[in-house]
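The next block holds one structure in the form of structure tokens; read it before the comments.
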Amino acid sequence: MPITPEAIAVDMAEAATAGFRGSLIARGQARAIIWRDGALPPDAPAFAPQLSYDLHSYGYALLGLGLRLLELGGDATQARTAFEQSRDRARVGDRQGQSRRKAHSDLFLGHLVSNATKRFLSPNGEECGR
């Protein structure tokens with residue numbers, strides 16, 4: 001885990017590049033586009049069974065980086081970006097086709113990220129509420 005604001009910023013920039021982790025986001029978006037009523041069509045490409053897990057893990061990692069960045073006094077705008085990307089990664093995991101328990105974990109992550117953004121950052125990106 002990075003221990004300086006600069007190292008965190010480098011990790012966040014790397015995580016936001018196209019093709020990161022085998023185009024994880026693109027694969028999640030492609031699946032979300034064709035997922036209907038909890039199922040993929042019969043002729044759908046094969047998606048890895050752990051795709052939702054990978055997307056959620058990615059989202060939690062970005063959330064952690066954003067919180068750590070704020071904790072170390074780093075750039076609040078970069079932290080906000082990490083929170084927003086964390087939320088977006090979780091949304092790409094989508095709740096369609098997942099168990100009720102999994103849907104609740106998706107909602108939890110979404111609320112956690114939203115609350116972190118509201119709690120630690122004002123609308124203009126400045127730190128607040130610490």
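Order determines the names: the first chain of the structure tokens is A, the second B, and so forth; residues in each chain are numbered 1 upward, and ligands are numbered 1 upward as they are shown.
Within 8 Å of Gly66 in chain A, once only C-alpha atoms are used and residues closer than 5 positions along the same chain are dropped, the contacting residues are Gln78, Ala79, Arg80, Thr81, Ala82 and Phe83 of chain A.
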Since we have the selection now, will you write its residues out, keeping all heavy atoms, as a JSON list (two decimals), in the first residue's frame?
```
[["chain", "number", "residue", "atom", "x", "y", "z"],
["A", 78, "GLN", "N", -8.22, 15.03, -5.87],
["A", 78, "GLN", "CA", -7.85, 13.67, -6.25],
["A", 78, "GLN", "C", -8.62, 12.65, -5.41],
["A", 78, "GLN", "O", -9.02, 11.60, -5.93],
["A", 78, "GLN", "CB", -6.35, 13.45, -6.08],
["A", 78, "GLN", "CG", -5.53, 14.13, -7.14],
["A", 78, "GLN", "CD", -4.05, 13.85, -6.95],
["A", 78, "GLN", "OE1", -3.54, 13.81, -5.84],
["A", 78, "GLN", "NE2", -3.35, 13.66, -8.06],
["A", 79, "ALA", "N", -8.84, 12.96, -4.15],
["A", 79, "ALA", "CA", -9.61, 12.05, -3.29],
["A", 79, "ALA", "C", -11.04, 11.94, -3.81],
["A", 79, "ALA", "O", -11.61, 10.85, -3.88],
["A", 79, "ALA", "CB", -9.59, 12.53, -1.84],
["A", 80, "ARG", "N", -11.63, 13.07, -4.17],
["A", 80, "ARG", "CA", -12.99, 13.05, -4.73],
["A", 80, "ARG", "C", -13.03, 12.19, -5.99],
["A", 80, "ARG", "O", -13.96, 11.41, -6.18],
["A", 80, "ARG", "CB", -13.48, 14.46, -5.04],
["A", 80, "ARG", "CG", -14.86, 14.48, -5.71],
["A", 80, "ARG", "CD", -15.33, 15.88, -6.04],
["A", 80, "ARG", "NE", -15.78, 16.59, -4.89],
["A", 80, "ARG", "CZ", -16.97, 16.41, -4.31],
["A", 80, "ARG", "NH1", -17.79, 15.51, -4.78],
["A", 80, "ARG", "NH2", -17.32, 17.11, -3.26],
["A", 81, "THR", "N", -12.04, 12.33, -6.83],
["A", 81, "THR", "CA", -11.97, 11.53, -8.05],
["A", 81, "THR", "C", -11.92, 10.05, -7.70],
["A", 81, "THR", "O", -12.61, 9.23, -8.32],
["A", 81, "THR", "CB", -10.75, 11.93, -8.90],
["A", 81, "THR", "OG1", -10.89, 13.31, -9.26],
["A", 81, "THR", "CG2", -10.63, 11.08, -10.15],
["A", 82, "ALA", "N", -11.13, 9.69, -6.69],
["A", 82, "ALA", "CA", -11.06, 8.28, -6.26],
["A", 82, "ALA", "C", -12.41, 7.79, -5.78],
["A", 82, "ALA", "O", -12.83, 6.68, -6.08],
["A", 82, "ALA", "CB", -10.01, 8.11, -5.17],
["A", 83, "PHE", "N", -13.13, 8.63, -5.01],
["A", 83, "PHE", "CA", -14.45, 8.24, -4.51],
["A", 83, "PHE", "C", -15.42, 8.04, -5.67],
["A", 83, "PHE", "O", -16.19, 7.08, -5.70],
["A", 83, "PHE", "CB", -15.01, 9.29, -3.55],
["A", 83, "PHE", "CG", -14.22, 9.45, -2.29],
["A", 83, "PHE", "CD1", -14.21, 10.68, -1.63],
["A", 83, "PHE", "CD2", -13.47, 8.42, -1.75],
["A", 83, "PHE", "CE1", -13.49, 10.85, -0.46],
["A", 83, "PHE", "CE2", -12.75, 8.58, -0.58],
["A", 83, "PHE", "CZ", -12.75, 9.80, 0.07]]
```
Residues near Leu69 in chain A, cut-off 8 Å, only C-alpha atoms, skip fewer than 3 positions along chain, as a ChimeraX atom specification
/A:4-5,8,65-66,72-76,79
Could you list, as a PyMOL selection string, every residue within 12 Å of range 19-36 of chain A, counting only C-alpha atoms and ignoring same-chain residues fewer than 3 positions away?
chain A and resi 11-16+39-59+85-86+88-98
Just N, CA, C and O atoms for this one: save the residues we selected as a compact mmCIF listing (two decimals), in the first residue's frame.
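In the end it all went to out-v8.txt:
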```
# COMPACT_ATOMS: atom_id res chain seq x y z
N ASP A 11 -0.62 5.62 -7.96
CA ASP A 11 -1.46 4.41 -8.02
C ASP A 11 -2.84 4.71 -8.59
O ASP A 11 -3.38 3.94 -9.38
N MET A 12 -3.41 5.84 -8.20
CA MET A 12 -4.74 6.20 -8.71
C MET A 12 -4.68 6.49 -10.20
O MET A 12 -5.58 6.09 -10.94
N ALA A 13 -3.64 7.16 -10.65
CA ALA A 13 -3.50 7.45 -12.08
C ALA A 13 -3.35 6.16 -12.87
O ALA A 13 -3.95 5.99 -13.93
N GLU A 14 -2.57 5.23 -12.34
CA GLU A 14 -2.40 3.94 -13.02
C GLU A 14 -3.72 3.18 -13.10
O GLU A 14 -4.05 2.60 -14.13
N ALA A 15 -4.48 3.21 -12.02
CA ALA A 15 -5.76 2.50 -11.98
C ALA A 15 -6.78 3.10 -12.93
O ALA A 15 -7.74 2.43 -13.32
N ALA A 16 -6.60 4.35 -13.32
CA ALA A 16 -7.55 5.01 -14.20
C ALA A 16 -7.18 4.88 -15.68
O ALA A 16 -7.94 5.32 -16.54
N ALA A 39 -30.07 -11.94 -16.54
CA ALA A 39 -29.43 -13.02 -17.31
C ALA A 39 -28.75 -12.45 -18.55
O ALA A 39 -29.14 -11.41 -19.07
N LEU A 40 -27.75 -13.18 -19.00
CA LEU A 40 -27.11 -12.85 -20.26
C LEU A 40 -27.81 -13.61 -21.37
O LEU A 40 -28.28 -14.73 -21.15
N PRO A 41 -27.88 -13.05 -22.56
CA PRO A 41 -28.49 -13.78 -23.68
C PRO A 41 -27.68 -15.04 -23.99
O PRO A 41 -26.48 -15.10 -23.70
N PRO A 42 -28.31 -16.03 -24.59
CA PRO A 42 -27.61 -17.29 -24.88
C PRO A 42 -26.37 -17.13 -25.76
O PRO A 42 -25.41 -17.87 -25.61
N ASP A 43 -26.37 -16.15 -26.64
CA ASP A 43 -25.23 -15.96 -27.53
C ASP A 43 -24.21 -14.94 -26.99
O ASP A 43 -23.34 -14.50 -27.73
N ALA A 44 -24.31 -14.61 -25.71
CA ALA A 44 -23.41 -13.63 -25.11
C ALA A 44 -21.99 -14.18 -25.00
O ALA A 44 -21.80 -15.39 -24.86
N PRO A 45 -21.02 -13.30 -25.06
CA PRO A 45 -19.64 -13.75 -24.83
C PRO A 45 -19.51 -14.31 -23.42
O PRO A 45 -20.30 -13.98 -22.53
N ALA A 46 -18.52 -15.14 -23.22
CA ALA A 46 -18.28 -15.71 -21.89
C ALA A 46 -17.57 -14.68 -21.03
O ALA A 46 -16.50 -14.18 -21.40
N PHE A 47 -18.18 -14.33 -19.91
CA PHE A 47 -17.56 -13.41 -18.96
C PHE A 47 -17.08 -14.24 -17.77
O PHE A 47 -17.73 -15.20 -17.36
N ALA A 48 -15.96 -13.84 -17.21
CA ALA A 48 -15.40 -14.56 -16.07
C ALA A 48 -16.40 -14.57 -14.92
O ALA A 48 -17.04 -13.55 -14.65
N PRO A 49 -16.55 -15.68 -14.24
CA PRO A 49 -17.50 -15.75 -13.12
C PRO A 49 -17.16 -14.77 -12.00
O PRO A 49 -18.05 -14.35 -11.28
N GLN A 50 -15.89 -14.40 -11.87
CA GLN A 50 -15.49 -13.51 -10.79
C GLN A 50 -15.47 -12.04 -11.21
O GLN A 50 -14.97 -11.19 -10.46
N LEU A 51 -16.06 -11.69 -12.36
CA LEU A 51 -16.02 -10.31 -12.85
C LEU A 51 -16.62 -9.33 -11.85
O LEU A 51 -16.02 -8.29 -11.56
N SER A 52 -17.78 -9.65 -11.29
CA SER A 52 -18.39 -8.73 -10.31
C SER A 52 -17.49 -8.56 -9.09
O SER A 52 -17.30 -7.45 -8.59
N TYR A 53 -16.92 -9.67 -8.64
CA TYR A 53 -16.00 -9.61 -7.49
C TYR A 53 -14.81 -8.70 -7.81
O TYR A 53 -14.42 -7.86 -7.00
N ASP A 54 -14.23 -8.87 -8.99
CA ASP A 54 -13.08 -8.05 -9.38
C ASP A 54 -13.45 -6.57 -9.44
O ASP A 54 -12.68 -5.71 -8.99
N LEU A 55 -14.62 -6.26 -9.98
CA LEU A 55 -15.06 -4.86 -10.06
C LEU A 55 -15.28 -4.27 -8.67
O LEU A 55 -14.90 -3.13 -8.40
N HIS A 56 -15.88 -5.04 -7.79
CA HIS A 56 -16.10 -4.53 -6.43
C HIS A 56 -14.80 -4.39 -5.66
O HIS A 56 -14.61 -3.42 -4.93
N SER A 57 -13.89 -5.32 -5.84
CA SER A 57 -12.57 -5.21 -5.18
C SER A 57 -11.85 -3.96 -5.66
O SER A 57 -11.22 -3.24 -4.87
N TYR A 58 -11.94 -3.71 -6.93
CA TYR A 58 -11.34 -2.52 -7.54
C TYR A 58 -11.97 -1.26 -6.92
O TYR A 58 -11.26 -0.32 -6.54
N GLY A 59 -13.29 -1.27 -6.80
CA GLY A 59 -13.98 -0.13 -6.20
C GLY A 59 -13.55 0.12 -4.76
O GLY A 59 -13.29 1.25 -4.35
N GLN A 85 -14.69 7.38 -8.83
CA GLN A 85 -14.32 6.21 -9.61
C GLN A 85 -14.69 4.93 -8.87
O GLN A 85 -15.11 3.95 -9.48
N SER A 86 -14.56 4.95 -7.55
CA SER A 86 -14.95 3.79 -6.75
C SER A 86 -16.43 3.49 -6.94
O SER A 86 -16.83 2.35 -7.18
N ASP A 88 -18.30 4.39 -9.47
CA ASP A 88 -18.55 3.97 -10.84
C ASP A 88 -18.14 2.52 -11.07
O ASP A 88 -18.81 1.78 -11.79
N ARG A 89 -17.05 2.09 -10.45
CA ARG A 89 -16.60 0.70 -10.61
C ARG A 89 -17.62 -0.24 -9.99
O ARG A 89 -17.91 -1.30 -10.54
N ALA A 90 -18.16 0.15 -8.87
CA ALA A 90 -19.18 -0.70 -8.23
C ALA A 90 -20.44 -0.76 -9.09
O ALA A 90 -21.05 -1.81 -9.22
N ARG A 91 -20.81 0.35 -9.69
CA ARG A 91 -22.01 0.36 -10.54
C ARG A 91 -21.85 -0.52 -11.76
O ARG A 91 -22.80 -1.13 -12.22
N VAL A 92 -20.63 -0.56 -12.31
CA VAL A 92 -20.39 -1.41 -13.48
C VAL A 92 -20.62 -2.87 -13.12
O VAL A 92 -21.04 -3.67 -13.95
N GLY A 93 -20.35 -3.22 -11.84
CA GLY A 93 -20.62 -4.58 -11.38
C GLY A 93 -22.09 -4.91 -11.44
O GLY A 93 -22.46 -6.08 -11.52
N ASP A 94 -22.93 -3.90 -11.44
CA ASP A 94 -24.38 -4.02 -11.60
C ASP A 94 -25.01 -5.09 -10.73
O ASP A 94 -24.40 -6.10 -10.44
N ARG A 95 -26.22 -4.87 -10.36
CA ARG A 95 -26.92 -5.82 -9.48
C ARG A 95 -27.74 -6.84 -10.27
O ARG A 95 -28.25 -7.78 -9.71
N GLN A 96 -27.88 -6.65 -11.56
CA GLN A 96 -28.70 -7.58 -12.33
C GLN A 96 -28.09 -8.97 -12.30
O GLN A 96 -26.91 -9.14 -12.48
N GLY A 97 -28.91 -9.95 -12.08
CA GLY A 97 -28.45 -11.33 -12.14
C GLY A 97 -27.72 -11.79 -10.90
O GLY A 97 -27.21 -12.89 -10.86
N GLN A 98 -27.66 -10.96 -9.88
CA GLN A 98 -26.94 -11.33 -8.68
C GLN A 98 -27.92 -11.65 -7.56
O GLN A 98 -29.07 -11.27 -7.58
```
How many Å lie between CA of Glu84 in chain A and CA of Ala7 in chain A, rounded to one decimal?
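Going from CA of Glu84 in chain A over to CA of Ala7 in chain A, I get 19.3 Å.
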